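Colleague: Next comes the structure file run_18.csv, holding CSV, C-alpha atoms and all ligand atoms.
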```csv
chain,number,residue,atom,x,y,z
A,20,MET,CA,158.6,-120.2,79.6
A,21,VAL,CA,156.5,-119.5,82.8
A,22,ASN,CA,158.0,-119.7,86.2
A,23,LEU,CA,155.4,-121.2,88.5
A,24,ALA,CA,157.7,-122.8,91.0
A,25,SER,CA,157.5,-122.3,94.8
A,26,THR,CA,158.4,-118.9,96.2
A,27,GLU,CA,162.1,-118.7,97.0
A,28,LYS,CA,163.8,-117.2,100.0
A,29,PHE,CA,164.3,-113.4,99.9
A,30,CYS,CA,167.4,-112.5,97.9
A,31,GLU,CA,169.3,-109.2,98.0
A,32,LEU,CA,170.7,-107.6,94.8
A,33,ALA,CA,174.5,-108.2,94.7
A,34,ASP,CA,177.4,-107.4,92.4
A,35,VAL,CA,177.1,-110.8,90.8
A,36,HIS,CA,173.7,-109.8,89.4
A,37,ARG,CA,174.9,-106.5,87.7
A,38,THR,CA,176.6,-107.5,84.5
A,39,ILE,CA,176.3,-110.5,82.1
A,40,GLU,CA,180.0,-111.4,82.5
A,41,GLY,CA,179.7,-111.2,86.4
A,42,PHE,CA,176.5,-113.3,86.3
A,43,GLU,CA,178.1,-116.0,84.0
A,44,SER,CA,181.2,-116.3,86.1
A,45,GLY,CA,178.9,-116.6,89.2
A,46,LEU,CA,177.2,-119.5,87.3
A,47,ASP,CA,180.6,-121.1,86.7
A,48,ASN,CA,181.4,-120.8,90.4
A,49,ASN,CA,178.0,-122.1,91.6
A,50,ASP,CA,177.4,-118.7,93.4
A,51,ALA,CA,174.6,-119.3,95.9
A,52,ARG,CA,173.3,-115.8,95.2
A,53,ILE,CA,172.1,-117.0,91.8
A,54,SER,CA,168.8,-118.5,92.5
A,55,PRO,CA,166.8,-121.1,90.5
A,56,ALA,CA,164.4,-118.3,89.3
A,57,MET,CA,167.4,-116.5,87.8
A,58,LYS,CA,168.7,-119.6,86.2
A,59,PHE,CA,165.3,-120.2,84.5
A,60,LEU,CA,165.3,-116.7,83.1
A,61,TYR,CA,168.9,-117.1,82.0
A,62,VAL,CA,168.1,-120.3,80.1
A,63,ALA,CA,165.0,-118.7,78.5
A,64,CYS,CA,167.1,-115.9,77.2
A,65,LYS,CA,169.8,-118.2,75.8
A,66,LEU,CA,167.1,-120.3,74.1
A,67,GLY,CA,165.4,-117.2,72.7
A,68,MET,CA,162.2,-117.9,74.5
A,69,SER,CA,159.9,-115.3,76.1
A,70,HIS,CA,159.8,-115.6,79.8
A,71,CYS,CA,157.2,-114.8,82.5
A,72,ASN,CA,157.8,-114.9,86.3
A,73,PHE,CA,154.5,-115.5,88.0
A,74,THR,CA,156.2,-115.9,91.4
A,75,PRO,CA,157.6,-113.3,93.7
A,76,SER,CA,161.1,-114.8,93.6
A,77,ARG,CA,163.7,-112.3,92.4
A,78,SER,CA,164.6,-113.1,88.7
A,79,MET,CA,164.9,-109.9,86.7
A,80,VAL,CA,168.3,-108.6,87.8
A,81,PRO,CA,170.2,-106.0,85.7
A,82,ALA,CA,172.4,-108.7,84.1
A,83,LEU,CA,169.4,-110.7,82.9
A,84,LEU,CA,167.6,-107.6,81.7
A,85,GLN,CA,170.6,-106.8,79.5
A,86,LEU,CA,170.7,-110.4,78.3
A,87,ALA,CA,167.0,-110.4,77.5
A,88,GLU,CA,167.4,-107.3,75.4
A,89,GLN,CA,170.5,-108.7,73.7
A,90,CYS,CA,168.8,-112.0,72.9
A,91,GLY,CA,165.6,-110.3,71.7
A,92,VAL,CA,163.5,-111.9,74.4
A,93,PRO,CA,160.3,-110.2,75.9
A,94,ILE,CA,160.0,-110.7,79.7
A,95,ALA,CA,157.3,-110.0,82.2
A,96,GLY,CA,156.9,-110.4,86.0
A,97,GLU,CA,156.7,-110.6,88.9
A,98,ASP,CA,154.2,-112.3,91.2
A,99,GLY,CA,150.7,-112.7,89.8
A,100,LYS,CA,148.2,-110.1,91.0
A,101,THR,CA,145.2,-112.4,91.6
A,102,GLY,CA,143.2,-111.6,94.7
A,103,GLN,CA,143.9,-109.3,97.6
A,104,THR,CA,146.4,-107.1,95.8
A,105,LEU,CA,144.1,-106.8,92.8
A,106,LEU,CA,141.4,-105.3,95.0
A,107,LYS,CA,144.0,-103.1,96.7
A,108,THR,CA,145.0,-101.6,93.4
A,109,VAL,CA,141.4,-100.9,92.5
A,110,LEU,CA,140.4,-99.3,95.9
A,111,ALA,CA,143.6,-97.2,96.5
A,112,PRO,CA,143.1,-95.1,93.3
A,113,ALA,CA,139.4,-94.4,94.4
A,114,PHE,CA,140.6,-93.3,97.8
A,115,ALA,CA,143.2,-91.0,96.2
A,116,ILE,CA,140.6,-89.5,93.8
A,117,ARG,CA,138.2,-88.8,96.7
A,118,GLU,CA,141.0,-87.6,99.0
A,119,LEU,CA,140.1,-90.2,101.7
A,120,LYS,CA,143.4,-90.5,103.6
A,121,VAL,CA,144.4,-94.1,104.2
A,122,GLU,CA,145.6,-94.2,107.8
A,123,GLY,CA,146.2,-97.9,108.0
A,124,TRP,CA,145.6,-101.1,105.9
A,125,PHE,CA,145.7,-104.4,107.7
A,126,SER,CA,145.7,-107.4,105.3
A,127,THR,CA,145.7,-111.0,106.3
A,128,ASN,CA,145.3,-114.2,104.4
A,129,ILE,CA,144.6,-117.8,105.3
A,130,LEU,CA,145.2,-120.6,102.8
A,131,GLY,CA,145.8,-124.3,103.0
A,132,ASN,CA,147.4,-125.3,99.7
A,133,ASN,CA,151.1,-126.2,99.1
A,134,ASP,CA,151.9,-122.5,98.3
A,135,GLY,CA,150.5,-121.6,101.8
A,136,LEU,CA,152.7,-124.3,103.3
A,137,VAL,CA,155.8,-122.9,101.5
A,138,LEU,CA,154.9,-119.4,102.6
A,139,ASN,CA,154.9,-120.6,106.3
A,140,ASP,CA,158.7,-120.6,106.0
A,141,PRO,CA,159.9,-117.1,107.2
A,142,ALA,CA,162.4,-116.7,104.3
A,143,SER,CA,159.8,-117.3,101.6
A,144,ASN,CA,157.2,-115.4,103.5
A,145,LYS,CA,159.4,-112.3,103.5
A,146,THR,CA,159.7,-112.4,99.7
A,147,LYS,CA,155.9,-112.6,99.3
A,148,VAL,CA,155.0,-110.0,102.0
A,149,LEU,CA,157.4,-107.5,100.5
A,150,SER,CA,155.8,-108.0,97.1
A,151,LYS,CA,152.3,-107.6,98.5
A,152,GLN,CA,153.3,-104.5,100.5
A,153,SER,CA,154.9,-102.6,97.6
A,154,VAL,CA,151.7,-101.4,95.8
A,155,LEU,CA,150.0,-98.9,98.1
A,156,ASP,CA,152.4,-95.9,98.6
A,157,ASP,CA,153.1,-95.5,94.9
A,158,ILE,CA,149.3,-95.2,94.1
A,159,LEU,CA,148.5,-92.9,97.1
A,160,GLY,CA,151.5,-90.7,96.8
A,161,TYR,CA,152.4,-90.9,100.5
A,162,GLU,CA,153.6,-93.6,102.9
A,163,VAL,CA,151.0,-95.6,104.8
A,164,GLU,CA,153.0,-96.2,107.9
A,165,ASP,CA,150.6,-98.9,109.2
A,166,HIS,CA,150.3,-101.1,106.2
A,167,GLN,CA,150.6,-104.7,107.4
A,168,VAL,CA,150.4,-107.9,105.4
A,169,HIS,CA,150.2,-111.3,107.0
A,170,ILE,CA,150.0,-114.8,105.4
A,171,HIS,CA,149.0,-117.9,107.4
A,172,TYR,CA,148.9,-121.5,106.5
A,173,TYR,CA,145.6,-123.0,107.6
A,174,ARG,CA,145.2,-126.5,106.2
A,175,PRO,CA,141.3,-126.9,106.2
A,176,ARG,CA,140.9,-124.2,103.6
A,177,GLY,CA,143.0,-125.9,100.9
A,178,ASP,CA,143.0,-123.8,97.7
A,179,ALA,CA,140.1,-121.7,99.0
A,180,LYS,CA,141.9,-118.7,100.3
A,181,GLU,CA,140.4,-116.1,102.5
A,182,ALA,CA,141.9,-112.7,102.0
A,183,TRP,CA,140.6,-110.3,104.7
A,184,ASP,CA,141.3,-106.5,104.8
A,185,ASN,CA,140.6,-103.8,107.3
A,186,ILE,CA,141.1,-100.3,106.0
A,187,ASP,CA,141.2,-97.2,108.3
A,188,LEU,CA,140.3,-94.0,106.5
A,189,ILE,CA,140.2,-90.3,107.5
A,190,GLY,CA,137.6,-88.2,105.7
A,191,PHE,CA,136.2,-84.7,105.7
A,192,LEU,CA,136.7,-82.8,109.0
A,193,GLY,CA,139.1,-85.5,110.2
A,194,GLU,CA,136.3,-88.1,110.7
A,195,ARG,CA,137.5,-91.7,110.9
A,196,MET,CA,135.9,-94.5,109.0
A,197,GLN,CA,136.5,-98.2,108.4
A,198,LEU,CA,136.1,-100.5,105.4
A,199,LYS,CA,136.1,-104.3,105.8
A,200,LEU,CA,136.7,-106.6,102.9
A,201,ASP,CA,136.5,-110.4,102.9
A,202,PHE,CA,137.4,-112.1,99.6
A,203,LEU,CA,136.6,-115.8,99.8
A,204,CYS,CA,138.5,-116.8,96.7
A,205,LYS,CA,140.0,-119.8,94.9
A,206,ASP,CA,143.7,-119.3,94.4
A,207,SER,CA,144.1,-121.4,91.3
A,208,ILE,CA,140.9,-120.3,89.6
A,209,LEU,CA,142.1,-116.7,89.8
A,210,ALA,CA,145.6,-117.5,88.6
A,211,ALA,CA,145.1,-120.0,85.7
A,212,PRO,CA,143.4,-117.6,83.2
A,213,LEU,CA,146.1,-115.0,83.9
A,214,VAL,CA,148.8,-117.5,83.0
A,215,LEU,CA,147.0,-118.4,79.8
A,216,ASP,CA,146.7,-114.8,78.8
A,217,LEU,CA,150.3,-114.0,79.7
A,218,VAL,CA,151.5,-116.8,77.4
A,219,ARG,CA,149.5,-115.6,74.5
A,220,LEU,CA,150.4,-111.9,75.0
A,221,LEU,CA,154.1,-112.7,75.4
A,222,ASP,CA,154.0,-114.8,72.2
A,223,LEU,CA,152.4,-111.8,70.4
A,224,ALA,CA,155.1,-109.5,71.8
A,225,HIS,CA,157.8,-111.9,70.7
A,226,ARG,CA,156.4,-112.1,67.1
A,227,ARG,CA,156.2,-108.3,67.0
A,228,GLY,CA,160.0,-108.2,67.8
A,229,ASP,CA,159.4,-106.6,71.3
A,230,ARG,CA,162.3,-107.3,73.7
A,231,GLY,CA,163.1,-106.7,77.4
A,232,ILE,CA,160.5,-105.6,79.9
A,233,GLN,CA,156.9,-105.7,78.7
A,234,LYS,CA,155.4,-102.8,80.7
A,235,GLN,CA,152.0,-103.3,79.1
A,236,LEU,CA,151.7,-106.5,81.0
A,237,SER,CA,152.0,-104.7,84.4
A,238,LEU,CA,148.3,-105.4,85.3
A,239,PHE,CA,149.1,-109.1,85.7
A,240,PHE,CA,151.6,-108.5,88.5
A,241,LYS,CA,152.0,-107.3,92.1
A,242,SER,CA,155.5,-106.1,91.5
A,243,PRO,CA,155.7,-105.2,87.8
A,244,TYR,CA,159.1,-105.2,86.2
A,245,HIS,CA,160.4,-101.7,85.7
A,246,VAL,CA,163.7,-100.1,84.8
A,247,ALA,CA,165.7,-98.5,87.7
A,248,SER,CA,165.0,-95.0,86.5
A,249,GLU,CA,161.2,-95.4,86.6
A,250,ARG,CA,158.5,-96.2,89.3
A,251,PRO,CA,156.4,-99.3,88.6
A,252,VAL,CA,152.7,-98.7,87.5
A,253,HIS,CA,150.4,-100.3,90.2
A,254,ASP,CA,147.1,-98.6,89.6
A,255,LEU,CA,144.9,-101.2,87.8
A,256,PHE,CA,143.2,-98.6,85.7
A,257,LYS,CA,146.4,-97.1,84.4
A,258,GLN,CA,147.8,-100.6,83.9
A,259,HIS,CA,144.7,-101.5,81.8
A,260,GLN,CA,145.2,-98.4,79.7
A,261,LEU,CA,148.8,-99.4,79.0
A,262,LEU,CA,147.6,-102.9,77.8
A,263,GLN,CA,144.8,-101.5,75.7
A,264,SER,CA,147.0,-99.0,73.9
A,265,TRP,CA,149.6,-101.7,73.2
A,266,ALA,CA,146.9,-104.1,71.9
A,267,ALA,CA,145.5,-101.3,69.7
A,268,GLY,CA,149.0,-100.7,68.3
A,269,ALA,CA,149.4,-104.5,67.7
A,270,ALA,CA,146.0,-104.8,65.9
A,271,ALA,CA,146.8,-101.8,63.7
A,272,ARG,CA,150.0,-103.5,62.3
B,301,LIG,N1,146.8,-117.3,93.0
B,301,LIG,C1,147.9,-118.0,92.9
B,301,LIG,O1,147.8,-119.2,92.8
B,301,LIG,C2,149.2,-117.3,92.8
B,301,LIG,C3,149.2,-115.9,92.7
B,301,LIG,C4,150.5,-115.2,92.7
B,301,LIG,C5,151.6,-115.9,92.7
B,301,LIG,N2,151.6,-117.3,92.8
B,301,LIG,C6,152.9,-118.0,92.9
B,301,LIG,O2,152.9,-119.0,91.9
B,301,LIG,C7,153.8,-120.1,92.4
B,301,LIG,C8,153.1,-121.4,92.2
B,301,LIG,O3,151.9,-121.4,93.1
B,301,LIG,P1,151.2,-122.8,93.3
B,301,LIG,O4,150.0,-122.6,94.1
B,301,LIG,O5,151.0,-123.6,92.0
B,301,LIG,O6,152.3,-123.6,94.2
B,301,LIG,P2,152.5,-125.1,94.4
B,301,LIG,O7,153.3,-125.2,95.7
B,301,LIG,O8,151.3,-125.9,94.3
B,301,LIG,O9,153.5,-125.5,93.2
B,301,LIG,C9,154.8,-125.2,93.1
B,301,LIG,C10,155.6,-126.3,92.5
B,301,LIG,O10,156.9,-125.9,92.2
B,301,LIG,C11,157.8,-127.0,92.5
B,301,LIG,N3,159.1,-126.4,92.7
B,301,LIG,C12,159.7,-126.0,93.8
B,301,LIG,N4,160.9,-125.5,93.6
B,301,LIG,C13,161.2,-125.6,92.3
B,301,LIG,C14,162.2,-125.4,91.4
B,301,LIG,N5,163.4,-124.8,91.9
B,301,LIG,N6,162.1,-125.7,90.1
B,301,LIG,C15,161.0,-126.2,89.6
B,301,LIG,N7,159.9,-126.5,90.4
B,301,LIG,C16,160.0,-126.2,91.7
B,301,LIG,C17,157.2,-127.6,93.7
B,301,LIG,O11,157.6,-128.9,93.9
B,301,LIG,C18,155.7,-127.6,93.4
B,301,LIG,O12,155.3,-128.7,92.6
B,301,LIG,C19,154.1,-119.7,93.8
B,301,LIG,O13,155.4,-119.1,93.9
B,301,LIG,C20,153.1,-118.7,94.2
B,301,LIG,O14,153.5,-117.8,95.2
B,301,LIG,C21,150.4,-118.0,92.8
```
Produce structure tokens that represent the structure in this file.
Ligand SMILES: NC(=O)c1ccc[n+]([C@@H]2O[C@H](COP(=O)([O-])OP(=O)(O)OC[C@H]3O[C@@H](n4cnc5c(N)ncnc54)[C@H](O)[C@@H]3O)[C@@H](O)[C@H]2O)c1
Modeller:
Amino acid sequence: MVNLASTEKFCELADVHRTIEGFESGLDNNDARISPAMKFLYVACKLGMSHCNFTPSRSMVPALLQLAEQCGVPIAGEDGKTGQTLLKTVLAPAFAIRELKVEGWFSTNILGNNDGLVLNDPASNKTKVLSKQSVLDDILGYEVEDHQVHIHYYRPRGDAKEAWDNIDLIGFLGERMQLKLDFLCKDSILAAPLVLDLVRLLDLAHRRGDRGIQKQLSLFFKSPYHVASERPVHDLFKQHQLLQSWAAGAAAR
């Protein structure tokens, strides 16, 4: 099962999300803190179907991670890493290796499809922006205070999104430099092959008997699922290694 529904409003983690019993009593009481994205994941677990959340909507809460493990269901998410964030997780490791200090990273997007229209709503916009902002500090190992992400609905572009980045860097002897990136991309053309691969890889994981979070699928997501005691892996090269080792293990069986 793949969640490809519109981005939901931002949702804080609450007590109702912590245990399976609490979550199910929340369902019985129509608790508004249980979102449609969480209900999709709950149903997938109960049906014994692997589940992927391609959206930034919060779905993998502790109760549902326990349920996925209990039901033997592999899960992966969240928020497909297709354009701007893909490039961010390629460039940031290079800056870290060369010790070019990222002083600021200003990212903006214009898009005119229905997703862009939904993201014009401040509550949904917050969910997406937080997801897009989460990648940088973990890769660089320090906080980029001036990391800004903006998304604007601009109808004439339709699905042809423009993702524009300005990066301010500090190099040797404190010299300042800038890098400008302009990705004129097609949202759906970038997303569709990822969804097809995710379905096939989750099916393989399910047949292998893997359950719970599928860390090896981190490279598909902006905010990869992770357990509370670990940091997510954002660096695209490390993510690729995770997938390759997992695939080698699967082929050897
Ligand atoms: N490059 C990409 O396209 C990309 C990348 C990352 C994440 N995403 C995410 O994938 C999702 C889908 O993107 P899209 O461009 O196809 O959006 P879209 O607006 O074209 O399609 C979303 C569909 O979900 C339906 N929907 C809304 N609420 C629903 C619900 N509760 N249950 C079932 N359906 C519901 C809407 O009616 C609409 O048909 C969005 O959340 C988007 O942020 C897309």
Colleague: Could you list the protein, DNA and RNA residues that have any atom within 7 Å of ligand LIG 301 (chain B), counting all atoms listed in the file, and write them as a ChimeraX atom specification?
Modeller: /A:23-26,55,73-75,98-102,132-134,137,206-207,209-210
Colleague: Could you turn the residues from that selection into a file that holds C-alpha atoms, as a short mmCIF file (atom, residue, chain, number, x, y, z; two decimals), keeping the file's coordinate frame?
Modeller:
```cif
data_model
loop_
_atom_site.label_atom_id
_atom_site.label_comp_id
_atom_site.auth_asym_id
_atom_site.auth_seq_id
_atom_site.Cartn_x
_atom_site.Cartn_y
_atom_site.Cartn_z
CA LEU A 23 155.40 -121.20 88.50
CA ALA A 24 157.70 -122.80 91.00
CA SER A 25 157.50 -122.30 94.80
CA THR A 26 158.40 -118.90 96.20
CA PRO A 55 166.80 -121.10 90.50
CA PHE A 73 154.50 -115.50 88.00
CA THR A 74 156.20 -115.90 91.40
CA PRO A 75 157.60 -113.30 93.70
CA ASP A 98 154.20 -112.30 91.20
CA GLY A 99 150.70 -112.70 89.80
CA LYS A 100 148.20 -110.10 91.00
CA THR A 101 145.20 -112.40 91.60
CA GLY A 102 143.20 -111.60 94.70
CA ASN A 132 147.40 -125.30 99.70
CA ASN A 133 151.10 -126.20 99.10
CA ASP A 134 151.90 -122.50 98.30
CA VAL A 137 155.80 -122.90 101.50
CA ASP A 206 143.70 -119.30 94.40
CA SER A 207 144.10 -121.40 91.30
CA LEU A 209 142.10 -116.70 89.80
CA ALA A 210 145.60 -117.50 88.60
#
```
Colleague: Could you list, as a compact mmCIF listing (two decimals) with C-alpha atoms, keeping the file's coordinate frame, every residue within 10 Å of Asp178 of chain A, counting only C-alpha atoms and ignoring same-chain residues fewer than 2 positions away?
Modeller:
```txt
# COMPACT_ATOMS: atom_id res chain seq x y z
CA ILE A 129 144.60 -117.80 105.30
CA LEU A 130 145.20 -120.60 102.80
CA GLY A 131 145.80 -124.30 103.00
CA ASN A 132 147.40 -125.30 99.70
CA ASN A 133 151.10 -126.20 99.10
CA ASP A 134 151.90 -122.50 98.30
CA GLY A 135 150.50 -121.60 101.80
CA ARG A 174 145.20 -126.50 106.20
CA PRO A 175 141.30 -126.90 106.20
CA ARG A 176 140.90 -124.20 103.60
CA LYS A 180 141.90 -118.70 100.30
CA GLU A 181 140.40 -116.10 102.50
CA CYS A 204 138.50 -116.80 96.70
CA LYS A 205 140.00 -119.80 94.90
CA ASP A 206 143.70 -119.30 94.40
CA SER A 207 144.10 -121.40 91.30
CA ILE A 208 140.90 -120.30 89.60
```
Colleague: Excluding His253 of chain A and residues on its chain fewer than 2 positions from it, collect all residues at most 7 Å away from it, counting all atoms listed in the file, and give them as a list in words.
Modeller: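 The neighbour list is Thr108, Val154, Ile158, Pro251, Leu255 and Gln258 of chain A.
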Colleague: Could you jot down the atom CA of Trp183 of chain A to atom CA of Asn144 of chain A separation for me, Å, one decimal place?
Modeller: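 Straight-line distance from atom CA of Trp183 of chain A to atom CA of Asn144 of chain A works out to 17.4 Å.
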Colleague: Take atom CA of Leu223 of chain A and atom CA of Pro93 of chain A and report the distance between them in Å, one decimal.
Modeller: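 Result for atom CA of Leu223 of chain A versus atom CA of Pro93 of chain A: 9.8 Å, one decimal.
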Colleague: Please determine, counting all atoms listed in the file, which residue among A:Glu249, A:Glu164, A:Glu43, A:Glu118 has the shortest atom-to-atom distance to Leu86 of chain A.
Modeller: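 The closest residue to Leu86 of chain A is A:Glu43.
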Colleague: Which protein, DNA or RNA residues are at most 10 Å from (151.1, -107.3, 102.7) in the file's coordinates when you count all atoms listed in the file, listed as JSON, numbers by chain?
Modeller: {"A": [103, 104, 124, 125, 126, 127, 128, 145, 147, 148, 149, 150, 151, 152, 153, 154, 155, 166, 167, 168, 169, 170]}
Colleague: Go ahead and save the residues from that selection, with C-alpha atoms, as a short mmCIF file (atom, residue, chain, number, x, y, z; two decimals), in the coordinates of the input.
Modeller:
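result18.cif was written with the following content:
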```
data_model
loop_
_atom_site.label_atom_id
_atom_site.label_comp_id
_atom_site.auth_asym_id
_atom_site.auth_seq_id
_atom_site.Cartn_x
_atom_site.Cartn_y
_atom_site.Cartn_z
CA GLN A 103 143.90 -109.30 97.60
CA THR A 104 146.40 -107.10 95.80
CA TRP A 124 145.60 -101.10 105.90
CA PHE A 125 145.70 -104.40 107.70
CA SER A 126 145.70 -107.40 105.30
CA THR A 127 145.70 -111.00 106.30
CA ASN A 128 145.30 -114.20 104.40
CA LYS A 145 159.40 -112.30 103.50
CA LYS A 147 155.90 -112.60 99.30
CA VAL A 148 155.00 -110.00 102.00
CA LEU A 149 157.40 -107.50 100.50
CA SER A 150 155.80 -108.00 97.10
CA LYS A 151 152.30 -107.60 98.50
CA GLN A 152 153.30 -104.50 100.50
CA SER A 153 154.90 -102.60 97.60
CA VAL A 154 151.70 -101.40 95.80
CA LEU A 155 150.00 -98.90 98.10
CA HIS A 166 150.30 -101.10 106.20
CA GLN A 167 150.60 -104.70 107.40
CA VAL A 168 150.40 -107.90 105.40
CA HIS A 169 150.20 -111.30 107.00
CA ILE A 170 150.00 -114.80 105.40
#
```
Colleague: Around the point (139.1, -86.3, 105.6) (coordinates from the file), which residues reach within 12 Å if we count only C-alpha atoms? Answer as a list in words.
Modeller: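 Nearby residues: Phe114, Ala115, Arg117, Glu118, Leu119, Lys120, Val121, Glu122, Asp187, Leu188, Ile189, Gly190, Phe191, Leu192, Gly193, Glu194, Arg195 and Met196 of chain A.
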